[in-house]
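Notes to accompany the following structure.
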Amino acid sequence: MDNLTLEQYYEGYLRMLRIRKFEMRAEENHSKGEIPGALHTSLGQEAEVVGACMALEDDDYMVGNHRSHGHPIGKNADMKPLMAELYARKTGICGGKGGSMHLSDFSIGSLGETSIVGSGLPVAVGAALGSNMLNEGKVTLCFFGDGASNEGAFHEALNLAAIWNLPVVFLCENNGWAVSMPASKAVSVENIADRAVAYSMRSELVTDGQDFESVYMATKRAVDAARAGEGPTLVEVKTYRFAEHAVNMGRMLVDRGEELEGWLKRDPVEILRTKIAEMVGNETRLEEIEDQVEKEIEDALEFAKQSDYPDVADAFDDVYSERVSDFYGLS
Amino acid sequence: MPRISFIESIRQAQYEELARDPKVFLMGEDLVANVFGTTTGLIEEFGTDRIRDTPLSENGFVGAAAGASMVGARPIVDLTITSFVYVAMDQVCSIIAKSKYIYGGQVKLPLVLRMCMFYGNSNAAQHSDRNYPMFMGMPGLKIIIPSTPYDMKGLLKTAIRDDDPVMSFEDGTLWSQKGEVPEGDDHLIPMGVADIKREGTDATVVAVAGGVPLALKAAEELSKEGFSIEVVDPRTLVPLDRDTIINSVSKTGRVVVVDPAHQSCSAASEISAIIAEEAFESLKAPILRVTTPDTHLPFFPNGEKALLPSKDRIVSALKRLLN
Ligand SMILES: Cc1ncc(C[n+]2csc(CCOP(=O)(O)OP(=O)(O)O)c2C)c(N)n1
């Protein structure tokens with residue numbers, strides 16, 4: 001497989017920086033009380049998210065989970081409706097009905113960011129099955145955490161994908177923790193990728209998930225195999241979440257002390273920035289990208305804040321194709 | 001019109017819709033072996049890709065139906081027996097019922113979950129559930145619950161064409177029942193339209209599923225004593241045709257609601273509450289429910305029979321109101 005081009009490095013940096021700045025501003029404004037509910041950020045996981053998404057074609061499918069902000073940004077979604085969704089506005093990507101755990105933009109191939117842990121895996125299998133039956137030739141990428149790999153849905157989904165030889169890439173974002181439960185205590189194997197053996201499935205283990213290129217290469221091999229009709233792959237990426245499980249979940253649940261300190265020194269955004277600067281010998285374009293992203297985030301925030309909240313009556317839309325109130329003949 | 005069985009009406013609906021729309025496919029356990037007789041001739045015609053046998057993975061393949069429907073396919077899932085849906089509850093309640101809503105209408109999930117209510121034949125409590133009321137409390141799911149071959153075929157065809165997820169509760173006690181059913185594409189019954197199975201003026205029986213033929217027998221028996229009983233079959237519980245129920249009760253002033261489910265939070269309870277709220281002034285007597293008491297159905301046949309709604313229990317409930 002070819003190495004990444006310089007343009008791809010820049011694109012990766014652009015998308016990773018978008019996630020970084022989106023999350024930082026969201027956290028900041030959440031703490032000011034501007035954003036309701038809890039906030040699950042992807043800080044620290046930018047390389048893993050963007051590396052995986054960039055291995056896809058634009059019209060490939062993607063299924064995600066409660067840590068949902070990074071996934072659509074990684075797949076190049078417009079950030080305005082994403083930010084507006086955090087702000088619970090009518091112009092939000094889900095019209096204000098989903099919030100932080102559900103930033104799913106179907107226009108970029110997303111098929112849901114679902115907050116019941118493990119529930120996205122069977123959906124991804126179905127998308128791949130549907131795509132095969134309709135001869136679309138699309139690959140489905142399914143993000144899930146180390147915690148989700150212990151759910152029964154993981155087993156059923158991997159087995160189904162294997163027996164039906166479906167074009168799915170199961171991408172385990174192993175950030176070491178499921179809320180307060182360390183993967184080391186909850187997962188019976190050292191590497192979740194080893195679980196692929198139980199399904200006679202190909203696997204990829206990315207030990208350095210803070211390195212954009214490593215994630216991209218492993219995922220790309222899996223995507224290429226899927227598109228070539230060679231079936232599913234389980235990819236495990238070792239990464240780390242820099243923030244709490246979620247902001248606004250009450251008190252800090254775990255003190256990760258030195259472990260966190262160690263990982264903070266391996267910041268994926270900084271690592272890629274340094275790599276590019278060394279490759280090209282200057283930071284001119286990196287600085288331009290930084291300015292561009294700053295502006296995009298400001299625009300997204302302005303868009304969100306200037307948008308209206310939904311009407312109470314909007315709570316009755318999108319339950320069925322018909323509005324619920326019409327459905328029952330209520331006024 | 002040909003006379004066919006309830007089971008055959010299911011088979012025909014599936015056959016016709018599979019033939020009409022290449023996006024429709026069927027999946028579930030032991031379909032190719034045709035255990036219940038609803039896939040006779042389908043494999044030969046449509047092949048094992050579209051009549052797809054699954055492993056024992058209800059949560060997996062119900063979720064896969066959701067994913068396939070999101071990308072444009074129209075799956076019918078045969079869950080065989082109602083209790084097996086519990087294994088797939090996460091996908092039914094968190095993905096299928098809520099995806100359209102939580103993503104602000106960006107997606108639709110045109111799929112049908114079919115399952116048989118396998119009660120009344122000594123299959124013991126784990127295989128005998130009439131569990132549709134649980135799903136009436138879960139917005140986002142439509143529920144069909146037909147009582148005749150005619151309604152079964154027409155409603156299943158409508159369900160397959162509907163853009164929302166539909167659960168089809170098929171009453172096993174009706175499987176061998178026969179009735180006249182049209183052949184061909186045009187036989188579609190809209191959801192949310194009740195059917196008055198028998199007209200009457202003295203009392204209304206609102207009955208669902210296997211309760212309907214029992215109610216009709218009760219009405220027949222009471223007609224010999226000079227009473228005129230109306231029997232209303234809602235046919236779909238979500239959406240529910242409140243108007244037809246309320247109009248009937250407003251006319252007769254007396255109502256018994258028959259429902260094979262357990263009494264607490266049954267469809268009968270919901271229908272009774274609607275009547276109490278909307279037609280209280282017309283009532284000449286209390287609303288009565290004939291349901292299954294809140295215990296499990298036992299294996300021993302005399303016990304199971306005694307607990308389920310019967311013609312005699314409906315007759316005695318009606319007599320309480322009429323005297
Ligand atoms: C079925 C289910 N159980 C519990 C929860 C509560 N919960 C939300 S996220 C989470 C941890 C998930 O861990 P992991 O899958 O590793 O993803 P991460 O949050 O680390 O990205 C838990 C327990 C839930 N949302 N769904």
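Numbering starts fresh at 1 for the residues of each chain in the structure tokens, the chains themselves are lettered A, B, ... in the order given, and ligands are numbered from 1 as they appear.
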
Enumerate as a PyMOL selection string the residues belonging to chain B that approach chain A to within 7 Å, with only C-alpha atoms taken into account. chain B and resi 57+59-61+63-68+71+73+91+100-106+139-140+163-164+239

Do you know which residues are at most 8 Å from Met16 (chain A) counting only C-alpha atoms, after dropping those on the same chain fewer than 2 positions away, and could you put them as a PDB file with C-alpha atoms, in the first residue's frame?
ATOM      1  CA  GLY A  12      -5.525  14.692   8.588  1.00  0.00           C
ATOM      2  CA  TYR A  13      -4.119  17.577  10.581  1.00  0.00           C
ATOM      3  CA  LEU A  14      -7.003  19.808   9.538  1.00  0.00           C
ATOM      4  CA  ARG A  18     -11.113  20.671  14.106  1.00  0.00           C
ATOM      5  CA  ILE A  19     -11.964  17.980  16.636  1.00  0.00           C
ATOM      6  CA  ARG A  20      -9.470  19.385  19.151  1.00  0.00           C
ATOM      7  CA  GLU A  46      -8.167  12.602  17.388  1.00  0.00           C
ATOM      8  CA  ALA A  47      -5.592  10.541  15.469  1.00  0.00           C
ATOM      9  CA  VAL A  50      -9.442  10.803  11.771  1.00  0.00           C
ATOM     10  CA  GLY A  74     -13.464  13.066  11.178  1.00  0.00           C
ATOM     11  CA  VAL A 269      -2.335  16.612  17.353  1.00  0.00           C
TER      12      VAL A 269
END

Given 6 Å and only C-alpha atoms and all ligand atoms, residues near ligand 1 as an MDAnalysis selection string: chainID A and resid 67 115:117 144:148 175 177:179 245

Find the residues around Trp175 (chain B) up to 12 Å (only C-alpha atoms counted), leave out those fewer than 3 positions away in its own chain, and share them as an MDAnalysis selection string. chainID B and resid 4:11 36:38 116:119 146:149 152 170:172 178:179 209:210

Give me the residues near Pro286 (chain B) as a PDB file with C-alpha atoms, in the first residue's frame, where near means some atom within 8 Å (using only C-alpha atoms) and where sequence neighbours in that chain fewer than 3 positions away do not count.
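The resulting file, out.pdb, is reproduced below:
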ATOM      1  CA  ARG B 254     -71.982  -0.551  27.556  1.00  0.00           C
ATOM      2  CA  VAL B 255     -68.609  -2.049  26.820  1.00  0.00           C
ATOM      3  CA  LEU B 283     -71.737   4.902  29.829  1.00  0.00           C
ATOM      4  CA  LEU B 321     -73.739  -5.074  32.041  1.00  0.00           C
TER       5      LEU B 321
END

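Closest approach to Ala183 (chain A) among A:Leu264, A:Met1, A:Tyr240, A:Ala38 is made by A:Tyr240 (distances from only C-alpha atoms).
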
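The coordinates place CA of Arg25 (chain A) at 25.0 Å from CA of Ile276 (chain A).
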
Residues of region 196-291 of chain A in strand (DSSP E) according to DSSP, as an MDAnalysis selection string? chainID A and resid 202:206 233:238

Only C-alpha atoms, please: the residues just picked out, written as a PDB file, in the first residue's frame.
ATOM      1  CA  ARG A 202      -8.794 -10.900  10.186  1.00  0.00           C
ATOM      2  CA  SER A 203      -7.496  -8.453  12.780  1.00  0.00           C
ATOM      3  CA  GLU A 204      -5.229  -5.431  13.032  1.00  0.00           C
ATOM      4  CA  LEU A 205      -3.650  -4.194  16.223  1.00  0.00           C
ATOM      5  CA  VAL A 206      -2.517  -0.576  16.287  1.00  0.00           C
ATOM      6  CA  THR A 233     -11.779  -7.072  10.012  1.00  0.00           C
ATOM      7  CA  LEU A 234     -11.501  -6.300  13.704  1.00  0.00           C
ATOM      8  CA  VAL A 235      -9.139  -3.359  14.203  1.00  0.00           C
ATOM      9  CA  GLU A 236      -8.044  -2.444  17.717  1.00  0.00           C
ATOM     10  CA  VAL A 237      -6.464   0.930  18.307  1.00  0.00           C
ATOM     11  CA  LYS A 238      -4.780   1.678  21.637  1.00  0.00           C
TER      12      LYS A 238
END

Nearby residues (only C-alpha atoms) at most 9 Å from region 303-306 of chain A, same-chain spacing under 5 positions excluded, as a PyMOL selection string: chain A and resi 34+80-89+91-92+298

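Residue nearest Thr204 (chain B), chosen from B:Lys251, B:Arg52, B:Arg74, B:His187 and counting only C-alpha atoms: B:Lys251.
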
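Put simply, CA of Asp60 (chain A) is 23.0 Å away from CA of Asp211 (chain A).
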
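Of note, CA of Glu290 (chain A) and CA of Phe242 (chain A) are spaced 20.9 Å apart.
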